[in-house]
Protein chains: 2
Amino acid sequence: MEKHDQFLMKKQNKNLVLDIIKRNSPVSRMEIAKITGMSPTSITRIVNELHEQGFVRETELVTSGVGRRATLLDVCGSVLYTIGIELDKFNVKIGIVNYVGEIIAFESFYRDAIERYEDTLKKLKKNIEELIDINNIPSTKIIGLAIGLPGYIDYKNGVVKVSDQLKWKNVKLAEDLKQLTSFSVIVDNELKMKVVAENFMGMAKDSQNAVLVGIGSGIGAAIILNGEIYRGESNNAGEIGHTMVNPTGNVCNCGKIGCLATYISEGAILADGRKVKDLDSIDDVFDAYRNGESWAVNLLDRTSMYIALAISNILSIYNPEVIILSGNTIEKFPEIKEAIEQKCDLYIWEPLKEKTKIVYSQFSNRGVVLGAAIQAQNKLLDIE
Amino acid sequence: MEKHDQFLMKKQNKNLVLDIIKRNSPVSRMEIAKITGMSPTSITRIVNELHEQGFVRETELVTSGVGRRATLLDVCGSVLYTIGIELDKFNVKIGIVNYVGEIIAFESFYRDAIERYEDTLKKLKKNIEELIDINNIPSTKIIGLAIGLPGYIDYKNGVVKVSDQLKWKNVKLAEDLKQLTSFSVIVDNELKMKVVAENFMGMAKDSQNAVLVGIGSGIGAAIILNGEIYRGESNNAGEIGHTMVNPTGNVCNCGKIGCLATYISEGAILADGRKVKDLDSIDDVFDAYRNGESWAVNLLDRTSMYIALAISNILSIYNPEVIILSGNTIEKFPEIKEAIEQKCDLYIWEPLKEKTKIVYSQFSNRGVVLGAAIQAQNKLLDIE
């Protein structure tokens with residue numbers, strides 16, 4: 001084998017071994033050899049290098065079945081940090097996350113819905129620097145930052161193509177923020193960041209096939225297939241909000257009839273509710289439901305039915321191991337869970353029911369920050 | 001690097017280079033080096049070995065931009081063969097396919113719908129042997145066979161779990177046929193075999209993301225994601241027939257309301273048609289449409305509408321590069337294409353419309369045979 005190829009291979013193997021330790025820790029050298037198919041001698045050499053570089057440490061000693069003793073390995077949390085950011089219409093959240101996925105510093109600040117792009121960026125810079133300072137994080141150990149936000153993102157170039165919520169169009173967010181902070185910057189849709197967190201340490205931990213559904217002001221799905229984010233040909237995969245589920249039903253602002261979003265998005269529920277009563281916000285609908293007002297019960301019964309229908313359709317199409325429900329509607333109105341589950345029980349094909357976990361995100365309002373930081377580690381760390 | 005790892009790596013690289021030559025032929029050594037990231041020296045060594053083993057040959061000499069001359073490589077069709085088989089209720093098709101995907105021998109024979117499993121197998125064995133004999137195929141060059149059939153298949157173990165059409169349940173097809181013929185045997189769902197053919201040399205050639213939709217007595221989809229068959233967690237991905245598309249609509253035999261299949265499957269169309277008129281088969285519905293009988297026009301208009309709705313939903317969810325329509329309904333009733341396309345034009349989101357090809361399978365009745373044979377090559381060939 002040529003020198004050039006050997007070097008490349010060695011580097012790939014080293015990154016692979018580190019990734020395996022990170023995902024399976026604590027893990028023995030023997031297990032790593034088994035997973036990779038590489039020889040124990042190679043594994044020992046690579047682990048020694050990773051140890052010297054500070055990525056890996058030895059932990060407990062365990063006794064295996066046949067009485068042999070093995071030292072287990074895990075990764076060192078403090079070897080590096082990344083910064084995860086969630087940008088939303090009214091709110092910005094920043095977290096500093098270590099290599100084992102712990103948020104070791106967190107803050108959030110208010111954003112004006114009509115705030116200029118440049119001003120949001122300046123505030124971001126200031127708040128990031130303060131957060132690093134106050135928490136005494138050594139800047140040299142921060143390998144980069146990542147941002148999750150609602151909208152259609154050119155993630156390869158870090159460009160926000162359109163974000164209706166933030167009122168941004170074609171802004172070079174990664175480039176601009178890198179210039180301000182000198183960190184490497186990754187940008188992606190918020191749901192995609194969230195599913196990365198779920199896949200690394202949440203309800204879809206280590207799952208090869210998982211779907212995260214977001215139900216709130218927007219309706220969408222982020223998908224893990226074969227252990228990777230699945231984007232489709234033009235990064236539009238998971239656009240469930242505009243699947244047609246009733247061709248004789250509601251008119252959608254996309255011009256079609258009966259799109260899922262017209263039955264389950266916050267805006268759609270609110271608009272239909274206002275046909276009956278003056279309402280300030282979606283919270284008024286939830287309150288009316290709790291008061292037993294029939295229009296609200298009718299409306300939210302329909303919502304839960306269509307959410308269950310969507311879950312059933314996603315299972316039929318993607319056949320994931322796990323489907324995670326998340327978003328404002330689920331968090332603000334947890335009563336809907338029971339209604340969704342009852343309908344799911346009627347809709348989902350028996351064999352799929354047994355094989356699929358239907359769960360709720362546990363990260364509440366820190367999922368995007370966490371996922372962004374983890375994604376930054378996945379994408380920016382490439383050790384020699 | 002250890003000897004063990006070096007050997008493994010060399011073998012992997014060799015299979016990789018052969019695969020690249022097969023998929024990109026004619027291709028130069030330089031291009032292969034570029035695609036793999038391996039050094040030209042390694043590529044030359046591997047190509048020499050492949051040449052000696054008879055897999056690869058040199059073809060034309062081309063002059064590249066800077067005046068240098070490069071010899072192009074392609075694979076030798078006659079180096080090996082596989083046998084592709086399609087099993088259906090009334091019909092069995094067998095094809096012998098060479099290494100470049102040419103069907104060099106083909107035959108089909110009638111099967112009785114109530115024929116016993118053992119009898120179908122015996123007939124298969126006899127017909128395979130005759131086909132090999134008559135065409136003077138050297139048996140030693142046949143590396144295995146593969147079968148595509150309708151039903152739910154445990155493809156890993158070659159077991160037909162359920163096939164309603166063939167009336168088989170839990171039969172060990174791969175094992176039994178291997179015992180009879182002594183060939184290695186692969187078994188999979190027919191649509192999955194078909195999409196392999198489309199991906200290797202058909203309407204989705206080399207596509208990373210493609211969906212094949214089958215519309216006939218059954219409704220289903222086979223999916224290529226990231227260049228591989230996507231199966232989901234329990235091999236149920238693509239079950240579009242039971243996605244709910246109208247929760248106030250038709251009752252489905254699965255117990256749900258408004259499943260896609262209740263609007264577009266042959267059986268459903270026929271059952272609805274019989275509410276109006278005595279009908280022998282689905283052909284009578286198509287004939288009535290051609291005669292302008294209003295009930296048939298209403299019924300098939302609804303069918304084309306729901307097919308377009310399904311296409312639109314698939315694009316929103318999977319965001320493939322190409323969607324291929326196939327199956328009896330499309331082949332027997334090509335008039336439906338125009339109606340589907342008109343509705344697609346109304347339903348599909350503008351940016352997706354530009355980026356997605358909606359096409360029709362061109363293999364007609366040989367797609368499954370071809371795909372099975374190609375899949376046998378993909379799965380059974382592993383050169384040292």
# chains A, B, ... in the order shown; residues from 1 in each chain; ligands from 1

call {"tool": "residues_around", "arguments": {"residues": "Glu233 in chain A", "least_positions_apart": "3", "cutoff": "12 Å", "atoms": "only C-alpha atoms", "output": "number ranges by chain"}}
result
A: 230, 236-238; B: 207-211, 224-227, 315-323, 351-352, 354-357

call {"tool": "select_by_dssp", "arguments": {"residues": "range 134-301 of chain B", "states": "strand (DSSP E)", "output": "NGL selection string"}}
result
:B and (142-149 or 152-154 or 159-163 or 168-171 or 185-189 or 210-215 or 219-225 or 228-230)

call {"tool": "atom_distance", "arguments": {"atom1": "CA of Ala204 in chain A", "atom2": "CA of Met30 in chain A"}}
result
26.0 Å

call {"tool": "residues_around", "arguments": {"residues": "range 266-270 of chain A", "least_positions_apart": "4", "cutoff": "12 Å", "atoms": "only C-alpha atoms", "output": "PyMOL selection string"}}
result
chain A and resi 214-219+241+250-253+258-262+274-286+288+295-304+327-330+332-333

call {"tool": "write_last_selection", "arguments": {"atoms": "C-alpha atoms", "output": "PDB file, in the first residue's frame"}}
result
ATOM      1  CA  GLY A 214     -41.989  19.363  15.402  1.00  0.00           C
ATOM      2  CA  ILE A 215     -45.512  20.605  16.109  1.00  0.00           C
ATOM      3  CA  GLY A 216     -45.911  24.280  16.840  1.00  0.00           C
ATOM      4  CA  SER A 217     -46.056  27.402  14.725  1.00  0.00           C
ATOM      5  CA  GLY A 218     -44.355  25.362  12.013  1.00  0.00           C
ATOM      6  CA  ILE A 219     -44.881  21.698  11.171  1.00  0.00           C
ATOM      7  CA  GLY A 241     -46.634  20.030   6.836  1.00  0.00           C
ATOM      8  CA  ASN A 250     -59.004  23.086   4.286  1.00  0.00           C
ATOM      9  CA  VAL A 251     -57.347  25.459   1.846  1.00  0.00           C
ATOM     10  CA  CYS A 252     -53.620  25.885   2.538  1.00  0.00           C
ATOM     11  CA  ASN A 253     -51.594  29.055   1.932  1.00  0.00           C
ATOM     12  CA  GLY A 258     -56.023  19.629   2.779  1.00  0.00           C
ATOM     13  CA  CYS A 259     -52.365  20.015   3.787  1.00  0.00           C
ATOM     14  CA  LEU A 260     -51.545  18.618   7.230  1.00  0.00           C
ATOM     15  CA  ALA A 261     -50.439  22.053   8.464  1.00  0.00           C
ATOM     16  CA  THR A 262     -53.940  23.460   7.918  1.00  0.00           C
ATOM     17  CA  ARG A 274     -61.224  32.982  15.750  1.00  0.00           C
ATOM     18  CA  LYS A 275     -64.202  32.011  13.624  1.00  0.00           C
ATOM     19  CA  VAL A 276     -65.908  31.319  16.957  1.00  0.00           C
ATOM     20  CA  LYS A 277     -64.415  33.740  19.450  1.00  0.00           C
ATOM     21  CA  ASP A 278     -61.943  36.599  19.897  1.00  0.00           C
ATOM     22  CA  LEU A 279     -58.576  35.104  20.777  1.00  0.00           C
ATOM     23  CA  ASP A 280     -55.238  36.687  21.634  1.00  0.00           C
ATOM     24  CA  SER A 281     -53.026  33.669  21.234  1.00  0.00           C
ATOM     25  CA  ILE A 282     -53.008  29.889  20.995  1.00  0.00           C
ATOM     26  CA  ASP A 283     -52.987  29.778  24.814  1.00  0.00           C
ATOM     27  CA  ASP A 284     -56.581  31.030  24.751  1.00  0.00           C
ATOM     28  CA  VAL A 285     -57.580  27.959  22.733  1.00  0.00           C
ATOM     29  CA  PHE A 286     -55.901  25.637  25.215  1.00  0.00           C
ATOM     30  CA  ALA A 288     -60.999  27.189  26.428  1.00  0.00           C
ATOM     31  CA  TRP A 295     -65.696  24.638  19.998  1.00  0.00           C
ATOM     32  CA  ALA A 296     -62.204  24.260  21.496  1.00  0.00           C
ATOM     33  CA  VAL A 297     -62.735  20.581  22.259  1.00  0.00           C
ATOM     34  CA  ASN A 298     -63.947  19.993  18.696  1.00  0.00           C
ATOM     35  CA  LEU A 299     -61.020  21.910  17.255  1.00  0.00           C
ATOM     36  CA  LEU A 300     -58.312  20.227  19.332  1.00  0.00           C
ATOM     37  CA  ASP A 301     -59.885  16.798  18.898  1.00  0.00           C
ATOM     38  CA  ARG A 302     -59.481  17.333  15.197  1.00  0.00           C
ATOM     39  CA  THR A 303     -55.886  18.442  15.782  1.00  0.00           C
ATOM     40  CA  SER A 304     -55.001  15.322  17.765  1.00  0.00           C
ATOM     41  CA  GLY A 327     -42.658  21.426  19.828  1.00  0.00           C
ATOM     42  CA  ASN A 328     -44.670  24.126  21.495  1.00  0.00           C
ATOM     43  CA  THR A 329     -48.084  22.505  21.100  1.00  0.00           C
ATOM     44  CA  ILE A 330     -46.981  19.349  22.901  1.00  0.00           C
ATOM     45  CA  LYS A 332     -47.874  23.907  26.287  1.00  0.00           C
ATOM     46  CA  PHE A 333     -50.771  21.515  25.941  1.00  0.00           C
TER      47      PHE A 333
END

call {"tool": "atom_distance", "arguments": {"atom1": "CA of Ser361 in chain A", "atom2": "CA of Leu149 in chain A"}}
result
17.8 Å
